[in-house]
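With CSV, C-alpha atoms inside, this is protein_18.csv:
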```
chain,number,residue,atom,x,y,z
A,1,MET,CA,9.2,23.1,-24.9
A,2,ILE,CA,9.7,20.8,-22.0
A,3,ASP,CA,10.1,23.8,-19.7
A,4,LEU,CA,6.6,24.9,-20.8
A,5,LEU,CA,5.2,21.5,-19.5
A,6,ALA,CA,7.0,22.1,-16.2
A,7,TYR,CA,5.5,25.6,-15.9
A,8,LEU,CA,2.0,24.2,-16.7
A,9,LEU,CA,2.4,21.6,-13.9
A,10,ILE,CA,3.6,24.2,-11.4
A,11,THR,CA,0.6,26.4,-12.2
A,12,ILE,CA,-1.8,23.6,-11.7
A,13,ALA,CA,-0.3,22.8,-8.3
A,14,LEU,CA,-0.6,26.5,-7.3
A,15,ILE,CA,-4.3,26.4,-8.2
A,16,PHE,CA,-4.7,23.2,-6.1
A,17,MET,CA,-3.0,24.8,-3.1
A,18,ALA,CA,-5.1,27.9,-3.4
A,19,LEU,CA,-8.2,25.7,-3.1
A,20,GLY,CA,-6.7,24.0,-0.1
A,21,VAL,CA,-6.3,27.4,1.6
A,22,VAL,CA,-9.9,28.3,0.7
A,23,GLY,CA,-11.1,25.0,2.2
A,24,LEU,CA,-9.2,25.8,5.4
A,25,PHE,CA,-11.4,28.9,5.9
A,26,ARG,CA,-14.7,27.7,4.4
A,27,PHE,CA,-15.5,24.7,6.6
A,28,LYS,CA,-16.7,25.3,10.1
A,29,ASP,CA,-15.9,21.9,11.7
A,30,PHE,CA,-12.4,20.7,12.5
A,31,TYR,CA,-12.9,17.2,11.1
A,32,SER,CA,-14.1,18.3,7.7
A,33,ARG,CA,-11.2,20.7,7.6
A,34,ILE,CA,-8.6,18.0,8.2
A,35,LEU,CA,-10.3,15.7,5.6
A,36,ILE,CA,-10.1,18.3,2.9
A,37,SER,CA,-7.2,20.6,3.4
A,38,ALA,CA,-4.4,18.2,4.3
A,39,LYS,CA,-5.2,16.0,1.3
A,40,ILE,CA,-5.3,18.8,-1.2
A,41,GLU,CA,-1.8,19.5,0.1
A,42,THR,CA,-0.8,16.0,-1.0
A,43,VAL,CA,-2.0,16.5,-4.6
A,44,GLY,CA,-0.4,19.9,-4.8
A,45,PHE,CA,3.0,18.7,-3.3
A,46,LEU,CA,3.2,15.8,-5.8
A,47,THR,CA,2.4,17.9,-8.8
A,48,ILE,CA,4.8,20.8,-8.0
A,49,MET,CA,7.6,18.4,-7.2
A,50,ILE,CA,7.1,16.6,-10.6
A,51,GLY,CA,7.3,20.0,-12.2
A,52,PHE,CA,10.6,20.8,-10.4
A,53,VAL,CA,12.1,17.4,-11.5
A,54,ILE,CA,11.3,18.2,-15.1
A,55,LEU,CA,12.7,21.7,-14.8
A,56,SER,CA,16.1,20.6,-13.4
A,57,GLY,CA,16.7,17.8,-16.0
A,58,PHE,CA,18.6,14.6,-15.4
A,59,SER,CA,21.1,15.3,-12.6
A,60,TYR,CA,21.8,14.6,-9.0
A,61,ALA,CA,19.6,17.4,-7.9
A,62,ALA,CA,16.6,15.8,-9.7
A,63,MET,CA,17.2,12.5,-7.9
A,64,LYS,CA,17.5,14.3,-4.6
A,65,ILE,CA,14.2,16.1,-5.2
A,66,LEU,CA,12.7,12.6,-5.9
A,67,LEU,CA,14.1,11.4,-2.6
A,68,ILE,CA,12.5,14.3,-0.8
A,69,THR,CA,9.1,13.6,-2.5
A,70,LEU,CA,9.2,10.0,-1.5
A,71,MET,CA,10.0,10.8,2.1
A,72,VAL,CA,7.2,13.4,2.3
A,73,MET,CA,4.7,11.0,0.7
A,74,ILE,CA,5.5,8.5,3.4
A,75,THR,CA,5.5,10.9,6.4
A,76,ASN,CA,2.6,13.3,5.4
A,77,PRO,CA,-0.3,10.8,5.9
A,78,LEU,CA,1.3,9.7,9.2
A,79,SER,CA,1.3,13.2,10.7
A,80,THR,CA,-2.3,13.8,9.5
A,81,HIS,CA,-3.3,10.5,11.1
A,82,ALA,CA,-1.5,11.5,14.3
A,83,ILE,CA,-3.4,14.8,14.5
A,84,ALA,CA,-6.9,13.2,13.8
A,85,ARG,CA,-6.3,10.4,16.3
A,86,SER,CA,-5.2,12.9,18.9
A,87,ALA,CA,-8.4,14.9,18.5
A,88,PHE,CA,-10.6,11.8,18.4
A,89,LEU,CA,-9.1,10.2,21.5
A,90,SER,CA,-9.2,13.4,23.5
A,91,GLY,CA,-12.9,13.5,23.1
A,92,TYR,CA,-13.5,16.2,20.6
A,93,ALA,CA,-17.1,15.4,19.4
A,94,ILE,CA,-18.0,14.6,15.8
A,95,ASN,CA,-20.1,17.3,14.0
A,96,GLN,CA,-19.7,19.8,16.8
A,97,GLY,CA,-19.4,22.9,14.6
A,98,SER,CA,-22.4,22.1,12.4
A,99,ARG,CA,-24.8,21.5,15.4
A,100,PRO,CA,-27.3,24.3,15.9
B,1,MET,CA,20.9,-18.6,0.6
B,2,LYS,CA,17.7,-16.7,-0.2
B,3,LYS,CA,18.3,-14.6,2.9
B,4,MET,CA,21.9,-13.7,1.7
B,5,VAL,CA,20.6,-12.5,-1.7
B,6,ARG,CA,17.9,-10.3,-0.1
B,7,THR,CA,20.4,-8.8,2.4
B,8,LEU,CA,22.7,-8.0,-0.6
B,9,VAL,CA,19.9,-6.3,-2.5
B,10,LEU,CA,19.0,-4.2,0.6
B,11,ILE,CA,22.7,-3.1,1.0
B,12,LEU,CA,22.8,-2.1,-2.7
B,13,ILE,CA,19.6,0.0,-2.4
B,14,PHE,CA,21.1,1.8,0.7
B,15,THR,CA,24.3,2.4,-1.2
B,16,GLY,CA,22.3,4.0,-4.0
B,17,PHE,CA,20.8,6.4,-1.5
B,18,TRP,CA,24.3,7.2,-0.1
B,19,LEU,CA,25.6,8.0,-3.6
B,20,ILE,CA,22.6,10.3,-4.4
B,21,LEU,CA,23.1,12.1,-1.1
B,22,ASN,CA,26.8,12.6,-1.7
B,23,GLU,CA,26.4,13.5,-5.4
B,24,SER,CA,29.5,11.6,-6.5
B,25,LEU,CA,30.2,8.3,-8.2
B,26,ALA,CA,33.9,7.8,-7.1
B,27,PHE,CA,35.3,4.4,-6.2
B,28,SER,CA,36.1,5.5,-2.6
B,29,GLN,CA,32.6,6.8,-2.2
B,30,ILE,CA,31.1,3.5,-3.3
B,31,LEU,CA,33.3,1.6,-0.7
B,32,THR,CA,32.2,3.9,2.1
B,33,GLY,CA,28.6,3.5,1.1
B,34,LEU,CA,28.8,-0.3,1.1
B,35,PHE,CA,30.4,-0.2,4.6
B,36,PHE,CA,27.9,2.2,6.2
B,37,SER,CA,24.9,0.4,4.6
B,38,ALA,CA,26.1,-2.9,6.1
B,39,VAL,CA,26.7,-1.3,9.5
B,40,ALA,CA,23.2,0.4,9.5
B,41,LEU,CA,21.5,-2.8,8.6
B,42,LEU,CA,23.3,-4.7,11.3
B,43,PHE,CA,22.6,-2.1,13.9
B,44,THR,CA,18.9,-2.0,13.0
B,45,ASN,CA,18.6,-5.8,13.2
B,46,ARG,CA,20.4,-6.0,16.5
B,47,TYR,CA,19.1,-3.1,18.5
B,48,LEU,CA,16.0,-1.4,17.0
B,49,LEU,CA,13.7,-4.3,16.0
B,50,GLU,CA,12.2,-7.1,17.9
B,51,ASP,CA,12.1,-9.5,15.0
B,52,ASP,CA,14.1,-9.8,11.8
B,53,TYR,CA,14.3,-6.9,9.4
B,54,LEU,CA,13.6,-9.1,6.4
B,55,GLY,CA,10.7,-10.8,8.1
B,56,ALA,CA,9.0,-7.6,9.2
B,57,TYR,CA,9.4,-5.6,6.0
B,58,GLY,CA,9.4,-8.3,3.3
B,59,ILE,CA,7.5,-7.1,0.2
B,60,LYS,CA,7.6,-8.3,-3.4
B,61,PRO,CA,8.8,-5.5,-5.8
B,62,LYS,CA,6.0,-6.3,-8.2
B,63,VAL,CA,3.3,-5.8,-5.6
B,64,LEU,CA,5.0,-2.5,-4.4
B,65,PHE,CA,5.1,-1.2,-8.0
B,66,HIS,CA,1.5,-2.1,-8.7
B,67,TYR,CA,0.5,-0.5,-5.3
B,68,ALA,CA,2.4,2.7,-6.2
B,69,VAL,CA,0.9,3.1,-9.6
B,70,TYR,CA,-2.7,2.4,-8.4
B,71,LEU,CA,-2.2,4.9,-5.5
B,72,PHE,CA,-0.9,7.6,-7.9
B,73,VAL,CA,-4.0,7.3,-10.1
B,74,GLN,CA,-6.3,7.2,-7.1
B,75,ILE,CA,-4.7,10.4,-5.5
B,76,TYR,CA,-5.5,12.4,-8.5
B,77,ARG,CA,-9.0,11.0,-9.0
B,78,SER,CA,-10.1,11.8,-5.5
B,79,GLY,CA,-8.2,15.2,-5.6
B,80,PHE,CA,-10.7,16.4,-8.2
B,81,SER,CA,-13.7,15.1,-6.3
B,82,ALA,CA,-12.4,17.0,-3.2
B,83,ILE,CA,-12.5,20.3,-5.3
B,84,ILE,CA,-16.3,19.8,-5.9
B,85,LYS,CA,-16.7,19.3,-2.1
B,86,ILE,CA,-14.9,22.6,-1.4
B,87,ILE,CA,-17.1,24.5,-3.8
B,88,LYS,CA,-20.4,22.9,-2.5
B,89,GLY,CA,-19.2,23.3,1.1
B,90,GLU,CA,-20.8,20.3,2.8
B,91,ASP,CA,-19.4,19.4,6.2
B,92,ALA,CA,-21.1,16.5,7.8
B,93,VAL,CA,-18.8,13.6,8.8
B,94,LYS,CA,-19.2,10.1,10.2
B,95,ILE,CA,-17.1,7.2,11.5
B,96,ILE,CA,-17.0,3.8,9.7
B,97,GLU,CA,-15.9,0.6,11.4
B,98,TYR,CA,-14.3,-1.6,8.8
B,99,GLU,CA,-12.7,-5.1,9.1
B,100,THR,CA,-10.0,-5.9,6.5
B,101,CYS,CA,-9.4,-9.3,4.9
B,102,ILE,CA,-5.6,-9.0,5.1
B,103,SER,CA,-3.8,-10.9,7.8
B,104,ASN,CA,-0.3,-9.5,7.2
B,105,GLU,CA,0.6,-6.7,9.7
B,106,LEU,CA,2.7,-4.7,7.1
B,107,GLY,CA,-0.2,-5.0,4.6
B,108,ILE,CA,-2.7,-3.5,7.1
B,109,CYS,CA,-0.3,-0.6,7.8
B,110,LEU,CA,0.1,0.0,4.0
B,111,LEU,CA,-3.7,-0.1,3.6
B,112,ALA,CA,-4.2,2.5,6.4
B,113,ASN,CA,-1.5,4.7,4.8
B,114,ALA,CA,-3.3,4.5,1.4
B,115,ILE,CA,-6.7,5.3,3.0
B,116,THR,CA,-5.2,8.4,4.6
B,117,LEU,CA,-3.3,9.4,1.5
B,118,THR,CA,-6.4,9.6,-0.7
B,119,PRO,CA,-8.6,12.7,-0.1
B,120,GLY,CA,-11.8,12.2,1.8
B,121,THR,CA,-10.9,9.5,4.3
B,122,VAL,CA,-8.6,9.4,7.4
B,123,THR,CA,-7.8,6.3,9.4
B,124,ILE,CA,-8.2,7.1,13.1
B,125,SER,CA,-7.5,3.9,14.9
B,126,LYS,CA,-6.2,0.3,14.3
B,127,ASN,CA,-7.0,-2.6,16.6
B,128,GLY,CA,-5.9,-5.9,15.1
B,129,ARG,CA,-7.8,-6.2,11.9
B,130,LEU,CA,-10.4,-3.6,12.7
B,131,LEU,CA,-9.9,-0.1,11.3
B,132,GLN,CA,-11.9,3.0,12.3
B,133,ILE,CA,-12.2,5.4,9.3
B,134,LEU,CA,-13.3,9.0,9.4
B,135,ALA,CA,-15.2,10.0,6.2
B,136,PHE,CA,-17.8,12.3,4.8
B,137,GLN,CA,-21.5,11.5,5.1
B,138,ASP,CA,-21.9,10.5,1.5
B,139,GLU,CA,-18.8,8.4,1.2
B,140,ASN,CA,-19.8,4.8,0.4
B,141,THR,CA,-16.7,2.9,-0.8
B,142,PHE,CA,-16.3,1.0,2.4
B,143,THR,CA,-19.9,0.6,3.6
B,144,ASP,CA,-20.8,-1.2,0.4
B,145,ILE,CA,-18.0,-3.6,0.8
B,146,THR,CA,-19.0,-4.4,4.4
B,147,GLU,CA,-22.4,-5.5,3.3
B,148,GLY,CA,-21.2,-7.4,0.3
B,149,LYS,CA,-18.4,-9.2,2.2
B,150,SER,CA,-15.7,-8.8,-0.5
B,151,CYS,CA,-12.4,-7.0,-0.7
B,152,SER,CA,-11.8,-3.4,-1.9
B,153,PRO,CA,-9.3,-3.0,-4.9
B,154,TYR,CA,-6.5,-2.0,-2.5
B,155,GLU,CA,-6.8,-5.2,-0.6
B,156,MET,CA,-6.8,-7.3,-3.8
B,157,ILE,CA,-3.4,-5.8,-4.6
B,158,LEU,CA,-2.0,-6.1,-1.1
B,159,ARG,CA,-3.1,-9.7,-0.5
B,160,ARG,CA,-0.3,-11.1,-2.6
B,161,ILE,CA,2.3,-9.2,-0.4
B,162,ASP,CA,4.0,-12.1,1.4
B,163,SER,CA,6.0,-14.2,-1.0
C,1,MET,CA,10.7,38.9,-12.5
C,2,THR,CA,10.9,35.3,-13.7
C,3,PHE,CA,8.3,32.5,-13.3
C,4,LEU,CA,10.0,30.8,-10.4
C,5,GLU,CA,10.3,34.1,-8.4
C,6,THR,CA,6.6,34.7,-8.9
C,7,THR,CA,5.9,31.1,-7.7
C,8,LEU,CA,8.0,31.9,-4.6
C,9,LEU,CA,5.9,35.0,-4.0
C,10,VAL,CA,2.6,33.2,-4.3
C,11,ILE,CA,3.7,30.5,-1.9
C,12,ALA,CA,4.7,33.2,0.6
C,13,ILE,CA,1.2,34.7,0.3
C,14,TYR,CA,-0.3,31.2,1.0
C,15,ILE,CA,1.9,30.8,4.1
C,16,THR,CA,0.6,34.2,5.4
C,17,LEU,CA,-3.0,33.1,4.9
C,18,VAL,CA,-2.5,29.8,6.7
C,19,LEU,CA,-0.8,31.7,9.5
C,20,VAL,CA,-4.1,33.6,10.0
C,21,ARG,CA,-5.8,30.3,10.5
C,22,VAL,CA,-3.1,29.3,13.0
C,23,ILE,CA,-3.7,32.5,15.0
C,24,LEU,CA,-7.5,32.3,14.8
C,25,GLY,CA,-7.9,28.5,15.2
C,26,PRO,CA,-10.4,27.7,17.9
C,27,THR,CA,-8.8,24.4,19.0
C,28,ILE,CA,-5.2,23.4,19.3
C,29,TRP,CA,-5.6,20.7,16.6
C,30,ASP,CA,-6.4,23.5,14.0
C,31,ARG,CA,-3.1,25.0,14.9
C,32,LEU,CA,-1.3,21.7,14.5
C,33,LEU,CA,-2.9,21.3,11.0
C,34,GLY,CA,-1.8,24.8,10.1
C,35,LEU,CA,1.8,24.0,11.3
C,36,ASN,CA,1.8,20.9,9.1
C,37,ALA,CA,0.7,22.8,6.0
C,38,ILE,CA,3.2,25.6,6.6
C,39,SER,CA,6.0,23.0,6.9
C,40,ALA,CA,5.1,21.5,3.6
C,41,LYS,CA,5.1,24.9,1.9
C,42,ILE,CA,8.5,25.8,3.4
C,43,ILE,CA,10.0,22.6,1.9
C,44,MET,CA,8.7,23.7,-1.5
C,45,SER,CA,10.2,27.2,-1.1
C,46,ILE,CA,13.6,25.8,-0.2
C,47,VAL,CA,13.5,23.6,-3.3
C,48,ILE,CA,12.6,26.6,-5.5
C,49,LEU,CA,15.4,28.6,-4.0
C,50,SER,CA,17.9,25.8,-4.7
C,51,ILE,CA,16.8,25.8,-8.4
C,52,ILE,CA,17.0,29.5,-8.7
C,53,THR,CA,20.5,29.8,-7.2
C,54,GLN,CA,21.7,26.5,-8.8
C,55,GLN,CA,23.2,25.2,-5.5
C,56,SER,CA,22.1,21.7,-4.7
C,57,TYR,CA,23.3,21.6,-1.1
C,58,LEU,CA,20.1,23.5,-0.2
C,59,LEU,CA,18.2,20.3,-0.9
C,60,ASP,CA,19.8,18.7,2.1
C,61,VAL,CA,18.3,21.5,4.2
C,62,ALA,CA,14.9,20.6,2.7
C,63,LEU,CA,15.4,16.9,3.6
C,64,VAL,CA,16.3,17.7,7.2
C,65,TYR,CA,13.4,20.2,7.4
C,66,ALA,CA,10.9,17.5,6.2
C,67,LEU,CA,12.1,15.1,8.9
C,68,LEU,CA,12.1,17.7,11.7
C,69,GLY,CA,8.6,18.9,10.8
C,70,PHE,CA,7.2,15.3,10.8
C,71,ILE,CA,8.8,14.5,14.2
C,72,SER,CA,7.6,17.7,15.9
C,73,THR,CA,4.0,17.2,14.6
C,74,VAL,CA,3.8,13.6,15.8
C,75,LEU,CA,5.4,14.5,19.2
C,76,ILE,CA,3.0,17.4,19.9
C,77,ALA,CA,0.0,15.3,18.8
C,78,ARG,CA,1.0,12.5,21.1
C,79,PHE,CA,1.7,14.9,24.0
C,80,ILE,CA,-1.8,16.3,23.8
C,81,GLU,CA,-3.4,12.8,23.4
C,82,LYS,CA,-1.8,11.5,26.6
C,83,LYS,CA,-2.6,14.8,28.4
C,84,GLY,CA,1.1,15.4,29.1
C,85,ASP,CA,1.9,12.0,30.4
C,86,ILE,CA,4.7,10.6,28.2
C,87,SER,CA,6.2,7.5,29.6
```
Now that the file is in, can you turn its structure into structure tokens?
Amino acid sequence: MIDLLAYLLITIALIFMALGVVGLFRFKDFYSRILISAKIETVGFLTIMIGFVILSGFSYAAMKILLITLMVMITNPLSTHAIARSAFLSGYAINQGSRP
Amino acid sequence: MKKMVRTLVLILIFTGFWLILNESLAFSQILTGLFFSAVALLFTNRYLLEDDYLGAYGIKPKVLFHYAVYLFVQIYRSGFSAIIKIIKGEDAVKIIEYETCISNELGICLLANAITLTPGTVTISKNGRLLQILAFQDENTFTDITEGKSCSPYEMILRRIDS
Amino acid sequence: MTFLETTLLVIAIYITLVLVRVILGPTIWDRLLGLNAISAKIIMSIVILSIITQQSYLLDVALVYALLGFISTVLIARFIEKKGDIS
């Protein structure tokens, strides 16, 4: 029964990540791509990790997975921020791709 | 006295991490964990930070818990709004200049982290209390606040950070 | 084929699709974004592998991979931002 809940969460996460990959190809501008795709990753990662924790029960492995999730939740926005800041400070213009 | 208690709490948290990473609860393992936690805290205080560890990263547990729960709800809410954006496929972006009403340095960093973590906005640059935010053209959470001169819900939580 | 093995296969397909974006990507920041996404997906794959084989030491590998991916992304981004002048 509780395994079924974990499978449901993992399936939802896979759908989220599929939408993230679609967003990576659909948008023409770099800035809109970074706004959408990197963030859908966050939602997908959180959901799939909760699914794995439920699946592995109460053990050391589950606590280790929680530790990994906490670390990625802290470092993921920092690396997104570093990429966006690098593009902005290097002079890559806003709305360049959608301009005629 | 208060500083001693806080240092002890930090050492206990680090020992918990050590026990999880080693996957054992033996007595010798706990002793090693306590020793290495104390050494790591001392080393960080002496050589890696300019000011004190407790002064730079002091945060109330209640505020941290409230922040985490609010962030969790917010991530999922804006995740679903991002799906609609992908299906519609609009791609015009803009840059918002925004001044926070938090004076604490750690609070501003946590606010910037929260803005980046929720879909649809990315913090680009931070200069004192002025943040530059990259957002979609129809995003209006932060422009409304700038005209009304009040704080966003994140800041209402983070204002009580320094005990 | 169990459910977890199917999940592993789907994640592998996603990694291949993101790799196409990395190869096509017009600017270098698109490639960095793809690198970041691939590193997150590889962490998920390692965790799935550890659950399938019931060996928890693989989780340490995932932890180290998360740290290394973060450090490499930030370092490359700063290297481009300063135009190669790291001091």
One decimal place gives the CA of Leu8 (chain A)-CA of Thr6 (chain C) separation as 13.9 Å
Residue hits in chain C, query chain A, radius 9 Å, only C-alpha atoms, as a ChimeraX atom specification: /C:3-4,7,10-11,14,17-18,21,27,29-30,32-34,36-37,40-41,44,47-48,51,55-57,59-60,62-63,66-67,70-71,73-83
Would you work out the distance separating CA of Phe80 (chain B) from CA of Ser45 (chain C), expressed in Å to one decimal?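 The value is 24.6 Å.
Between CA of Ala93 (chain A) and CA of Ser39 (chain C) the interatomic distance comes to 27.3 Å.
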Kindly provide, as a PyMOL selection string, the residues of chain B having any atom no farther than 12 Å from an atom of chain A, counting all atoms listed in the file. chain B and resi 16-25+68+71-95+109-126+132-137
Residue subset to file, keeping C-alpha atoms, as a short mmCIF file (atom, residue, chain, number, x, y, z; two decimals), in the coordinates of the input:
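The file below, selection.cif, is the result:
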```
data_model
loop_
_atom_site.label_atom_id
_atom_site.label_comp_id
_atom_site.auth_asym_id
_atom_site.auth_seq_id
_atom_site.Cartn_x
_atom_site.Cartn_y
_atom_site.Cartn_z
CA GLY B 16 22.30 4.00 -4.00
CA PHE B 17 20.80 6.40 -1.50
CA TRP B 18 24.30 7.20 -0.10
CA LEU B 19 25.60 8.00 -3.60
CA ILE B 20 22.60 10.30 -4.40
CA LEU B 21 23.10 12.10 -1.10
CA ASN B 22 26.80 12.60 -1.70
CA GLU B 23 26.40 13.50 -5.40
CA SER B 24 29.50 11.60 -6.50
CA LEU B 25 30.20 8.30 -8.20
CA ALA B 68 2.40 2.70 -6.20
CA LEU B 71 -2.20 4.90 -5.50
CA PHE B 72 -0.90 7.60 -7.90
CA VAL B 73 -4.00 7.30 -10.10
CA GLN B 74 -6.30 7.20 -7.10
CA ILE B 75 -4.70 10.40 -5.50
CA TYR B 76 -5.50 12.40 -8.50
CA ARG B 77 -9.00 11.00 -9.00
CA SER B 78 -10.10 11.80 -5.50
CA GLY B 79 -8.20 15.20 -5.60
CA PHE B 80 -10.70 16.40 -8.20
CA SER B 81 -13.70 15.10 -6.30
CA ALA B 82 -12.40 17.00 -3.20
CA ILE B 83 -12.50 20.30 -5.30
CA ILE B 84 -16.30 19.80 -5.90
CA LYS B 85 -16.70 19.30 -2.10
CA ILE B 86 -14.90 22.60 -1.40
CA ILE B 87 -17.10 24.50 -3.80
CA LYS B 88 -20.40 22.90 -2.50
CA GLY B 89 -19.20 23.30 1.10
CA GLU B 90 -20.80 20.30 2.80
CA ASP B 91 -19.40 19.40 6.20
CA ALA B 92 -21.10 16.50 7.80
CA VAL B 93 -18.80 13.60 8.80
CA LYS B 94 -19.20 10.10 10.20
CA ILE B 95 -17.10 7.20 11.50
CA CYS B 109 -0.30 -0.60 7.80
CA LEU B 110 0.10 0.00 4.00
CA LEU B 111 -3.70 -0.10 3.60
CA ALA B 112 -4.20 2.50 6.40
CA ASN B 113 -1.50 4.70 4.80
CA ALA B 114 -3.30 4.50 1.40
CA ILE B 115 -6.70 5.30 3.00
CA THR B 116 -5.20 8.40 4.60
CA LEU B 117 -3.30 9.40 1.50
CA THR B 118 -6.40 9.60 -0.70
CA PRO B 119 -8.60 12.70 -0.10
CA GLY B 120 -11.80 12.20 1.80
CA THR B 121 -10.90 9.50 4.30
CA VAL B 122 -8.60 9.40 7.40
CA THR B 123 -7.80 6.30 9.40
CA ILE B 124 -8.20 7.10 13.10
CA SER B 125 -7.50 3.90 14.90
CA LYS B 126 -6.20 0.30 14.30
CA GLN B 132 -11.90 3.00 12.30
CA ILE B 133 -12.20 5.40 9.30
CA LEU B 134 -13.30 9.00 9.40
CA ALA B 135 -15.20 10.00 6.20
CA PHE B 136 -17.80 12.30 4.80
CA GLN B 137 -21.50 11.50 5.10
#
```
Have a look at C:Thr53, C:Arg31, C:Ile23, C:Ile43 and name the one nearest to Glu5 (chain C); count all atoms listed in the file. C:Thr53
